[in-house]
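The structure file data-v7.cif is reproduced below (mmCIF, C-alpha atoms).
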data_entry
loop_
_atom_site.group_PDB
_atom_site.id
_atom_site.type_symbol
_atom_site.label_atom_id
_atom_site.label_comp_id
_atom_site.auth_asym_id
_atom_site.auth_seq_id
_atom_site.Cartn_x
_atom_site.Cartn_y
_atom_site.Cartn_z
ATOM 1 C CA MET W 126 -19.725 -3.632 -27.933
ATOM 2 C CA SER W 127 -19.626 -0.030 -29.087
ATOM 3 C CA ARG W 128 -22.427 1.154 -31.348
ATOM 4 C CA ARG W 129 -21.413 1.852 -34.932
ATOM 5 C CA PRO W 130 -22.238 5.502 -35.646
ATOM 6 C CA THR W 131 -25.019 5.819 -38.190
ATOM 7 C CA SER W 132 -22.935 8.374 -40.062
ATOM 8 C CA GLU W 133 -20.039 5.972 -40.538
ATOM 9 C CA LEU W 134 -19.380 5.312 -44.203
ATOM 10 C CA SER W 135 -18.259 1.992 -45.530
ATOM 11 C CA PRO W 136 -15.272 2.237 -47.876
ATOM 12 C CA LEU W 137 -16.136 2.637 -51.530
ATOM 13 C CA LYS W 138 -16.823 -0.708 -53.182
ATOM 14 C CA ILE W 139 -16.742 -0.827 -56.972
ATOM 15 C CA ASP W 140 -18.382 -3.769 -58.761
ATOM 16 C CA VAL W 141 -18.221 -4.031 -62.535
ATOM 17 C CA HIS W 142 -20.726 -6.122 -64.453
ATOM 18 C CA ARG W 143 -20.161 -6.629 -68.176
ATOM 19 C CA GLN W 144 -22.971 -7.725 -70.437
ATOM 20 C CA ALA W 145 -22.259 -7.776 -74.162
ATOM 21 C CA GLU W 146 -21.233 -4.194 -75.029
ATOM 22 C CA CYS W 147 -22.616 -2.695 -71.817
ATOM 23 C CA ALA W 148 -20.749 -2.121 -68.587
ATOM 24 C CA VAL W 149 -22.495 -1.386 -65.307
ATOM 25 C CA VAL W 150 -20.356 0.047 -62.515
ATOM 26 C CA ALA W 151 -22.108 -0.341 -59.157
ATOM 27 C CA LEU W 152 -20.832 1.970 -56.421
ATOM 28 C CA THR W 153 -21.473 1.169 -52.755
ATOM 29 C CA GLY W 154 -20.550 3.193 -49.654
ATOM 30 C CA GLY W 155 -18.707 6.488 -49.695
ATOM 31 C CA ALA W 156 -16.703 7.896 -52.593
ATOM 32 C CA THR W 157 -14.487 9.911 -50.277
ATOM 33 C CA MET W 158 -11.153 11.512 -51.116
ATOM 34 C CA GLU W 159 -9.221 8.300 -50.495
ATOM 35 C CA TYR W 160 -11.002 6.393 -53.246
ATOM 36 C CA THR W 161 -11.159 8.853 -56.132
ATOM 37 C CA ASP W 162 -8.086 7.460 -57.911
ATOM 38 C CA GLN W 163 -9.542 3.957 -57.781
ATOM 39 C CA LEU W 164 -12.842 5.211 -59.198
ATOM 40 C CA ARG W 165 -11.107 7.124 -61.975
ATOM 41 C CA LYS W 166 -8.995 4.108 -62.951
ATOM 42 C CA THR W 167 -12.043 1.833 -63.165
ATOM 43 C CA LEU W 168 -14.168 4.272 -65.186
ATOM 44 C CA PHE W 169 -11.380 5.185 -67.601
ATOM 45 C CA GLU W 170 -10.526 1.545 -68.255
ATOM 46 C CA LEU W 171 -14.141 0.940 -69.230
ATOM 47 C CA ALA W 172 -14.565 4.096 -71.296
ATOM 48 C CA ASP W 173 -13.211 2.501 -74.459
ATOM 49 C CA PRO W 174 -14.542 0.188 -77.160
ATOM 50 C CA PRO W 175 -15.773 -2.555 -77.181
ATOM 51 C CA VAL W 176 -17.916 -0.963 -74.458
ATOM 52 C CA ARG W 177 -20.762 0.948 -76.144
ATOM 53 C CA LYS W 178 -22.718 1.919 -73.046
ATOM 54 C CA LEU W 179 -21.507 2.727 -69.535
ATOM 55 C CA VAL W 180 -23.982 2.856 -66.657
ATOM 56 C CA ILE W 181 -23.015 4.005 -63.173
ATOM 57 C CA ASP W 182 -25.334 2.447 -60.623
ATOM 58 C CA MET W 183 -25.474 4.991 -57.769
ATOM 59 C CA GLY W 184 -28.289 3.327 -55.823
ATOM 60 C CA ARG W 185 -26.060 2.256 -52.934
ATOM 61 C CA LEU W 186 -23.701 5.230 -53.046
ATOM 62 C CA LYS W 187 -24.168 7.203 -49.836
ATOM 63 C CA PHE W 188 -21.625 9.969 -50.273
ATOM 64 C CA ILE W 189 -19.553 11.626 -52.966
ATOM 65 C CA SER W 190 -17.435 14.778 -52.956
ATOM 66 C CA SER W 191 -16.821 17.292 -55.721
ATOM 67 C CA VAL W 192 -13.687 15.355 -56.662
ATOM 68 C CA GLY W 193 -15.744 12.204 -57.087
ATOM 69 C CA LEU W 194 -18.321 14.091 -59.144
ATOM 70 C CA GLY W 195 -15.493 15.531 -61.224
ATOM 71 C CA THR W 196 -14.170 12.033 -61.863
ATOM 72 C CA ILE W 197 -17.592 11.031 -63.188
ATOM 73 C CA VAL W 198 -17.665 14.171 -65.348
ATOM 74 C CA ALA W 199 -14.250 13.274 -66.778
ATOM 75 C CA ALA W 200 -15.479 9.746 -67.573
ATOM 76 C CA TYR W 201 -18.589 11.218 -69.215
ATOM 77 C CA VAL W 202 -16.457 13.470 -71.437
ATOM 78 C CA ARG W 203 -14.194 10.576 -72.383
ATOM 79 C CA CYS W 204 -17.187 8.370 -73.234
ATOM 80 C CA THR W 205 -18.914 11.080 -75.242
ATOM 81 C CA ARG W 206 -15.784 11.676 -77.325
ATOM 82 C CA ARG W 207 -15.621 7.954 -78.086
ATOM 83 C CA GLY W 208 -19.308 7.622 -78.928
ATOM 84 C CA ILE W 209 -20.059 5.580 -75.811
ATOM 85 C CA GLY W 210 -23.441 6.059 -74.116
ATOM 86 C CA PHE W 211 -23.147 7.269 -70.523
ATOM 87 C CA HIS W 212 -25.912 7.084 -67.912
ATOM 88 C CA LEU W 213 -26.272 7.520 -64.165
ATOM 89 C CA ALA W 214 -28.794 5.250 -62.481
ATOM 90 C CA GLY W 215 -30.733 5.574 -59.242
ATOM 91 C CA PRO W 216 -28.895 8.268 -57.275
ATOM 92 C CA ARG W 217 -30.221 8.689 -53.723
ATOM 93 C CA ALA W 218 -31.992 11.914 -52.811
ATOM 94 C CA LYS W 219 -28.879 13.585 -51.346
ATOM 95 C CA LEU W 220 -26.766 12.824 -54.386
ATOM 96 C CA GLN W 221 -29.586 13.889 -56.698
ATOM 97 C CA GLU W 222 -29.601 17.151 -54.742
ATOM 98 C CA MET W 223 -25.845 17.585 -55.297
ATOM 99 C CA LEU W 224 -26.269 16.939 -59.022
ATOM 100 C CA ALA W 225 -28.980 19.610 -59.103
ATOM 101 C CA ILE W 226 -26.926 22.172 -57.128
ATOM 102 C CA THR W 227 -23.939 21.739 -59.426
ATOM 103 C CA GLN W 228 -26.292 21.702 -62.444
ATOM 104 C CA LEU W 229 -24.761 18.440 -63.606
ATOM 105 C CA THR W 230 -28.343 17.414 -64.306
ATOM 106 C CA ARG W 231 -27.804 19.441 -67.510
ATOM 107 C CA LEU W 232 -24.919 17.186 -68.492
ATOM 108 C CA PHE W 233 -25.886 13.685 -67.439
ATOM 109 C CA ASP W 234 -28.683 11.381 -68.462
ATOM 110 C CA ILE W 235 -30.011 10.372 -65.033
ATOM 111 C CA CYS W 236 -32.249 7.302 -64.934
ATOM 112 C CA GLY W 237 -34.339 5.944 -62.093
ATOM 113 C CA SER W 238 -32.800 2.490 -62.309
ATOM 114 C CA VAL W 239 -30.160 0.434 -64.095
ATOM 115 C CA GLU W 240 -32.930 -1.300 -66.027
ATOM 116 C CA GLU W 241 -34.165 2.043 -67.322
ATOM 117 C CA ALA W 242 -30.620 3.041 -68.289
ATOM 118 C CA MET W 243 -30.165 -0.229 -70.170
ATOM 119 C CA ARG W 244 -33.289 0.473 -72.208
ATOM 120 C CA ARG W 245 -32.030 3.889 -73.350
ATOM 121 C CA MET I 767 -4.022 39.988 -41.996
ATOM 122 C CA ALA I 768 -7.614 40.326 -40.843
ATOM 123 C CA LYS I 769 -8.631 37.892 -38.129
ATOM 124 C CA LEU I 770 -11.398 35.427 -38.707
ATOM 125 C CA PRO I 771 -14.390 35.750 -36.382
ATOM 126 C CA VAL I 772 -13.504 34.490 -32.901
ATOM 127 C CA ASP I 773 -15.831 32.142 -31.059
ATOM 128 C CA GLN I 774 -14.520 32.602 -27.534
ATOM 129 C CA GLU I 775 -17.149 30.484 -25.897
ATOM 130 C CA LEU I 776 -16.454 27.384 -27.920
ATOM 131 C CA ALA I 777 -14.191 24.543 -26.806
ATOM 132 C CA TRP I 778 -11.766 24.290 -29.696
ATOM 133 C CA LYS I 779 -9.810 21.211 -30.634
ATOM 134 C CA GLU I 780 -6.796 21.488 -32.903
ATOM 135 C CA MET I 781 -5.104 19.054 -35.242
ATOM 136 C CA VAL I 782 -2.043 19.437 -37.418
ATOM 137 C CA ILE I 783 -1.972 16.875 -40.186
ATOM 138 C CA PRO I 784 0.452 16.000 -42.952
ATOM 139 C CA ASN I 785 -0.464 17.058 -46.463
ATOM 140 C CA ASP I 786 -1.924 13.671 -47.227
ATOM 141 C CA LEU I 787 -5.453 12.562 -48.179
ATOM 142 C CA ARG I 788 -5.333 9.489 -45.935
ATOM 143 C CA ALA I 789 -4.411 11.560 -42.888
ATOM 144 C CA ALA I 790 -7.109 14.055 -43.812
ATOM 145 C CA ALA I 791 -9.685 11.271 -43.990
ATOM 146 C CA GLY I 792 -8.938 10.400 -40.350
ATOM 147 C CA THR I 793 -9.470 14.019 -39.328
ATOM 148 C CA GLU I 794 -12.744 14.121 -41.214
ATOM 149 C CA ARG I 795 -13.938 10.964 -39.432
ATOM 150 C CA ALA I 796 -13.012 12.373 -36.001
ATOM 151 C CA ILE I 797 -15.025 15.559 -36.570
ATOM 152 C CA VAL I 798 -18.012 13.732 -38.018
ATOM 153 C CA GLU I 799 -18.054 11.383 -35.021
ATOM 154 C CA GLU I 800 -18.139 14.385 -32.708
ATOM 155 C CA VAL I 801 -20.976 15.908 -34.725
ATOM 156 C CA GLU I 802 -22.918 12.698 -34.380
ATOM 157 C CA ARG I 803 -22.244 12.479 -30.641
ATOM 158 C CA HIS I 804 -23.930 15.867 -30.327
ATOM 159 C CA GLY I 805 -27.059 14.586 -32.017
ATOM 160 C CA TYR I 806 -26.897 16.414 -35.320
ATOM 161 C CA GLY I 807 -29.304 14.899 -37.819
ATOM 162 C CA ALA I 808 -28.463 12.964 -40.957
ATOM 163 C CA ASP I 809 -28.795 15.993 -43.243
ATOM 164 C CA ALA I 810 -26.506 18.167 -41.106
ATOM 165 C CA THR I 811 -23.989 15.355 -40.721
ATOM 166 C CA PHE I 812 -23.932 14.845 -44.498
ATOM 167 C CA ALA I 813 -23.428 18.583 -45.023
ATOM 168 C CA ILE I 814 -20.604 18.854 -42.488
ATOM 169 C CA ARG I 815 -18.823 15.766 -43.838
ATOM 170 C CA LEU I 816 -19.051 17.131 -47.374
ATOM 171 C CA ALA I 817 -17.795 20.594 -46.421
ATOM 172 C CA ILE I 818 -14.849 19.203 -44.429
ATOM 173 C CA GLU I 819 -13.936 16.920 -47.310
ATOM 174 C CA GLU I 820 -14.029 19.835 -49.744
ATOM 175 C CA ALA I 821 -12.007 22.115 -47.470
ATOM 176 C CA LEU I 822 -9.346 19.490 -46.766
ATOM 177 C CA THR I 823 -9.069 18.488 -50.417
ATOM 178 C CA ASN I 824 -8.674 22.142 -51.435
ATOM 179 C CA ALA I 825 -6.030 22.683 -48.743
ATOM 180 C CA ILE I 826 -3.982 19.645 -49.743
ATOM 181 C CA LYS I 827 -4.257 19.819 -53.519
ATOM 182 C CA HIS I 828 -4.584 23.519 -54.269
ATOM 183 C CA GLY I 829 -3.383 25.436 -51.198
ATOM 184 C CA ASN I 830 -0.417 23.205 -50.424
ATOM 185 C CA SER I 831 0.034 22.126 -54.067
ATOM 186 C CA ASN I 832 0.295 18.433 -53.027
ATOM 187 C CA ASP I 833 3.625 19.277 -51.361
ATOM 188 C CA PRO I 834 4.296 16.522 -48.787
ATOM 189 C CA SER I 835 6.519 18.836 -46.710
ATOM 190 C CA ARG I 836 3.590 21.129 -45.966
ATOM 191 C CA ARG I 837 0.902 20.683 -43.308
ATOM 192 C CA VAL I 838 -2.782 21.379 -42.839
ATOM 193 C CA PHE I 839 -4.059 23.016 -39.645
ATOM 194 C CA VAL I 840 -7.553 22.141 -38.497
ATOM 195 C CA ARG I 841 -9.472 23.730 -35.603
ATOM 196 C CA TYR I 842 -12.956 22.625 -34.774
ATOM 197 C CA ALA I 843 -15.581 23.064 -32.104
ATOM 198 C CA VAL I 844 -18.881 21.255 -31.906
ATOM 199 C CA ASP I 845 -21.590 21.861 -29.347
ATOM 200 C CA ALA I 846 -25.349 21.488 -29.134
ATOM 201 C CA ARG I 847 -25.906 24.674 -31.157
ATOM 202 C CA ARG I 848 -23.388 24.692 -33.950
ATOM 203 C CA ALA I 849 -20.367 23.053 -35.511
ATOM 204 C CA VAL I 850 -17.456 25.266 -36.547
ATOM 205 C CA VAL I 851 -14.506 23.968 -38.562
ATOM 206 C CA CYS I 852 -11.496 25.998 -39.696
ATOM 207 C CA VAL I 853 -9.015 24.582 -42.213
ATOM 208 C CA ARG I 854 -5.756 26.393 -42.982
ATOM 209 C CA ASP I 855 -3.008 25.497 -45.439
ATOM 210 C CA GLU I 856 0.521 26.800 -45.953
ATOM 211 C CA GLY I 857 -0.091 28.094 -49.456
ATOM 212 C CA LYS I 858 -0.142 31.657 -50.685
ATOM 213 C CA GLY I 859 -3.942 31.778 -50.586
ATOM 214 C CA PHE I 860 -6.427 32.829 -53.232
ATOM 215 C CA ASN I 861 -9.259 35.261 -53.815
ATOM 216 C CA VAL I 862 -12.518 33.350 -53.574
ATOM 217 C CA GLU I 863 -14.269 36.057 -55.598
ATOM 218 C CA GLU I 864 -12.102 35.123 -58.582
ATOM 219 C CA VAL I 865 -13.161 31.485 -58.637
ATOM 220 C CA PRO I 866 -15.140 30.935 -61.852
ATOM 221 C CA ASP I 867 -18.714 29.675 -61.894
ATOM 222 C CA PRO I 868 -18.526 25.899 -62.474
ATOM 223 C CA THR I 869 -22.015 25.900 -64.004
ATOM 224 C CA ALA I 870 -21.030 28.274 -66.837
ATOM 225 C CA PRO I 871 -21.481 26.643 -70.268
ATOM 226 C CA ASP I 872 -17.732 26.565 -70.902
ATOM 227 C CA ARG I 873 -16.989 25.018 -67.468
ATOM 228 C CA ILE I 874 -19.821 22.563 -66.841
ATOM 229 C CA SER I 875 -17.907 19.660 -68.393
ATOM 230 C CA LEU I 876 -14.655 20.359 -66.551
ATOM 231 C CA PRO I 877 -13.741 17.879 -63.810
ATOM 232 C CA ASN I 878 -12.957 20.444 -61.117
ATOM 233 C CA GLY I 879 -14.173 23.672 -59.517
ATOM 234 C CA ARG I 880 -17.340 22.568 -57.678
ATOM 235 C CA GLY I 881 -16.030 22.341 -54.106
ATOM 236 C CA ILE I 882 -16.651 25.922 -53.009
ATOM 237 C CA MET I 883 -20.117 25.898 -54.563
ATOM 238 C CA LEU I 884 -21.007 22.780 -52.555
ATOM 239 C CA MET I 885 -19.609 24.202 -49.299
ATOM 240 C CA ARG I 886 -21.701 27.333 -49.799
ATOM 241 C CA ALA I 887 -24.811 25.293 -50.568
ATOM 242 C CA TYR I 888 -24.555 22.977 -47.577
ATOM 243 C CA MET I 889 -23.148 25.156 -44.788
ATOM 244 C CA ASP I 890 -24.770 28.106 -43.014
ATOM 245 C CA GLU I 891 -21.610 30.229 -43.114
ATOM 246 C CA ILE I 892 -18.418 30.021 -45.122
ATOM 247 C CA THR I 893 -15.736 32.667 -44.642
ATOM 248 C CA TYR I 894 -12.219 32.978 -46.015
ATOM 249 C CA SER I 895 -9.324 34.753 -44.366
ATOM 250 C CA GLU I 896 -8.049 37.839 -46.131
ATOM 251 C CA ARG I 897 -5.032 35.946 -47.438
ATOM 252 C CA GLY I 898 -7.336 33.181 -48.610
ATOM 253 C CA ASN I 899 -5.480 30.252 -47.057
ATOM 254 C CA GLU I 900 -8.009 29.541 -44.299
ATOM 255 C CA VAL I 901 -11.682 28.731 -44.547
ATOM 256 C CA ARG I 902 -14.142 28.829 -41.658
ATOM 257 C CA LEU I 903 -17.256 26.688 -41.949
ATOM 258 C CA VAL I 904 -20.308 26.875 -39.701
ATOM 259 C CA LYS I 905 -23.343 24.605 -39.513
ATOM 260 C CA VAL I 906 -26.131 25.537 -37.117
ATOM 261 C CA LYS I 907 -27.923 22.617 -35.489
ATOM 262 C CA GLN I 908 -31.608 22.607 -36.402
#

I'd like the structure from this file rewritten - as structure tokens, please.
Amino acid sequence: MSRRPTSELSPLKIDVHRQAECAVVALTGGATMEYTDQLRKTLFELADPPVRKLVIDMGRLKFISSVGLGTIVAAYVRCTRRGIGFHLAGPRAKLQEMLAITQLTRLFDICGSVEEAMRR
Amino acid sequence: MAKLPVDQELAWKEMVIPNDLRAAAGTERAIVEEVERHGYGADATFAIRLAIEEALTNAIKHGNSNDPSRRVFVRYAVDARRAVVCVRDEGKGFNVEEVPDPTAPDRISLPNGRGIMLMRAYMDEITYSERGNEVRLVKVKQ
């Protein structure tokens, strides 16, 4: 059996958990170019009342490109305009680094965990 | 048109792909697998994957304007010292110096414009052809 390369990314998996007026979107795998439309559709569908808070759980997200980051920015803008709270939770070190390089740390509320984001 | 730097000693591989994100994803995987076969570490592999993704996305969406009749030309060479990837589109090109700063206050909340910044941050060299329709990316193995 051939060894699975350690760099191989699993396709992006998007799980949505709704709890009262909060929505948590858990991303797993790689948000590569093939999956950006799917991510955008999910986030935009949630960025509307009755949702009052949207949390993106990035703890299991291994990769994202600038297009994926831009999709999250667009969802943030949409939420902000509608008065919906928007939080990122638990990005891994590499993704935290990308957020710092692009200075999106100035834009987003970045929490250590989903639980912390839910308390905000 | 000025020539990009030539790496005569490298064993180049070439791919011509349709102007399609799914086809581009296959090319990205092939190059990343080669990088991994040469023992590049996790950080370098992440950087190379990200830069290829950015270059291919720019070529398809901006350079080739999402035109399905156009193609993307990829040349790459990976050895134990460095990985070099060149991505060329069939568009009219652009001047990289004119790309606005995506961190400027009036641009930070825009959804696009961060790809070149990320390529510059994660690769050791990034060079554009004079016409601006080909980018050459280099990552040195640590």

Show me as a ChimeraX atom specification the residues that reach within 6 Å of (-3.6, 33.7, -48.1), counting all atoms listed in the file and using the file's own coordinates.
/I:858-860,897-899

Up to 9 Å from chain W, what residues of chain I turn up? Count only C-alpha atoms and give them as an MDAnalysis selection string.
chainID I and resid 787:788 790:791 795 798:799 802:803 808:809 811:812 816:817 819:820 823 868:869 874:881 883:884 887

Counting all atoms listed in the file, what is within 6 Å of region 828-843 of chain I, bar same-chain residues fewer than 5 positions away, as a list in words?
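So the residues in contact are Ala777, Trp778, Lys779, Glu780, Met781, Val782, Ile783, Pro784, Asn785, Ala849, Val850, Val851, Cys852, Val853, Arg854, Asp855, Glu856 and Gly857 of chain I.
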
Include C-alpha atoms and write out the residues we just selected as a compact mmCIF listing (two decimals), in the coordinates of the input.
# COMPACT_ATOMS: atom_id res chain seq x y z
CA ALA I 777 -14.19 24.54 -26.81
CA TRP I 778 -11.77 24.29 -29.70
CA LYS I 779 -9.81 21.21 -30.63
CA GLU I 780 -6.80 21.49 -32.90
CA MET I 781 -5.10 19.05 -35.24
CA VAL I 782 -2.04 19.44 -37.42
CA ILE I 783 -1.97 16.88 -40.19
CA PRO I 784 0.45 16.00 -42.95
CA ASN I 785 -0.46 17.06 -46.46
CA ALA I 849 -20.37 23.05 -35.51
CA VAL I 850 -17.46 25.27 -36.55
CA VAL I 851 -14.51 23.97 -38.56
CA CYS I 852 -11.50 26.00 -39.70
CA VAL I 853 -9.02 24.58 -42.21
CA ARG I 854 -5.76 26.39 -42.98
CA ASP I 855 -3.01 25.50 -45.44
CA GLU I 856 0.52 26.80 -45.95
CA GLY I 857 -0.09 28.09 -49.46

For Ile139 (chain W), the nearest of the candidates W:Glu240, W:Asp182, W:Asp234, W:Glu222, counting all atoms listed in the file
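Among the listed residues, W:Asp182 lies closest to Ile139 (chain W).
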
If I take CA of Arg848 (chain I) and CA of Glu891 (chain I), how far is one from the other in Å, to one decimal?
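Atom-to-atom, CA of Arg848 (chain I) to CA of Glu891 (chain I), that is 10.9 Å.
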
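Interatomic distance, CA of Ala796 (chain I) to CA of Ala821 (chain I): 15.1 Å.
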
Which distance in Å separates CA of Pro866 (chain I) and CA of Ala813 (chain I), to one decimal?
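So the answer is 22.5 Å.
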
On this file, the PyMOL selection byres ((chain W and resi 175-180) around 10) gives some set of residues; write that set as an NGL selection string.
:W and (141-151 or 168 or 170-174 or 181-183 or 200-201 or 204 or 207-214 or 234-236 or 238-240 or 242-243 or 245)

Env of Asp845 (chain I): 10 Å cut, atoms = all atoms listed in the file, seq-sep filter 6 positions within chain, self excluded. Answer as a list in words.
Leu776, Ala777, Glu800, Val801, Arg803, His804, Gly805, Tyr806, Val906 and Lys907 of chain I

Completion of region 862-885 of chain I up to N, CA and C atoms, as a compact mmCIF listing (two decimals), keeping the file's coordinate frame:
# COMPACT_ATOMS: atom_id res chain seq x y z
N VAL I 862 -11.35 34.18 -53.28
CA VAL I 862 -12.52 33.35 -53.57
C VAL I 862 -13.44 34.01 -54.59
N GLU I 863 -13.41 35.35 -54.64
CA GLU I 863 -14.27 36.06 -55.60
C GLU I 863 -13.84 35.81 -57.05
N GLU I 864 -12.61 35.34 -57.22
CA GLU I 864 -12.10 35.12 -58.58
C GLU I 864 -12.32 33.70 -59.08
N VAL I 865 -12.92 32.87 -58.23
CA VAL I 865 -13.16 31.48 -58.64
C VAL I 865 -14.31 31.47 -59.65
N PRO I 866 -14.09 30.89 -60.82
CA PRO I 866 -15.14 30.94 -61.85
C PRO I 866 -16.34 30.06 -61.51
N ASP I 867 -17.47 30.41 -62.11
CA ASP I 867 -18.71 29.68 -61.89
C ASP I 867 -18.62 28.31 -62.60
N PRO I 868 -18.68 27.22 -61.83
CA PRO I 868 -18.53 25.90 -62.47
C PRO I 868 -19.73 25.48 -63.31
N THR I 869 -20.83 26.26 -63.21
CA THR I 869 -22.02 25.90 -64.00
C THR I 869 -22.06 26.66 -65.34
N ALA I 870 -21.07 27.54 -65.56
CA ALA I 870 -21.03 28.27 -66.84
C ALA I 870 -20.90 27.28 -67.99
N PRO I 871 -21.50 27.60 -69.15
CA PRO I 871 -21.48 26.64 -70.27
C PRO I 871 -20.09 26.13 -70.63
N ASP I 872 -19.07 27.01 -70.52
CA ASP I 872 -17.73 26.56 -70.90
C ASP I 872 -17.00 25.83 -69.77
N ARG I 873 -17.66 25.69 -68.59
CA ARG I 873 -16.99 25.02 -67.47
C ARG I 873 -17.74 23.80 -66.95
N ILE I 874 -18.97 23.62 -67.41
CA ILE I 874 -19.82 22.56 -66.84
C ILE I 874 -19.23 21.17 -67.07
N SER I 875 -18.46 21.00 -68.14
CA SER I 875 -17.91 19.66 -68.39
C SER I 875 -16.45 19.53 -67.94
N LEU I 876 -16.00 20.48 -67.13
CA LEU I 876 -14.66 20.36 -66.55
C LEU I 876 -14.74 19.50 -65.28
N PRO I 877 -13.67 18.78 -64.96
CA PRO I 877 -13.74 17.88 -63.81
C PRO I 877 -13.62 18.57 -62.45
N ASN I 878 -13.21 19.82 -62.43
CA ASN I 878 -12.96 20.44 -61.12
C ASN I 878 -13.73 21.75 -60.95
N GLY I 879 -13.62 22.33 -59.74
CA GLY I 879 -14.17 23.67 -59.52
C GLY I 879 -15.52 23.72 -58.83
N ARG I 880 -16.00 22.58 -58.30
CA ARG I 880 -17.34 22.57 -57.68
C ARG I 880 -17.31 22.58 -56.15
N GLY I 881 -16.14 22.48 -55.56
CA GLY I 881 -16.03 22.34 -54.11
C GLY I 881 -16.58 23.53 -53.33
N ILE I 882 -16.20 24.73 -53.74
CA ILE I 882 -16.65 25.92 -53.01
C ILE I 882 -18.16 26.09 -53.15
N MET I 883 -18.66 25.81 -54.34
CA MET I 883 -20.12 25.90 -54.56
C MET I 883 -20.86 24.95 -53.61
N LEU I 884 -20.34 23.75 -53.44
CA LEU I 884 -21.01 22.78 -52.56
C LEU I 884 -20.90 23.21 -51.09
N MET I 885 -19.74 23.73 -50.69
CA MET I 885 -19.61 24.20 -49.30
C MET I 885 -20.61 25.31 -49.03
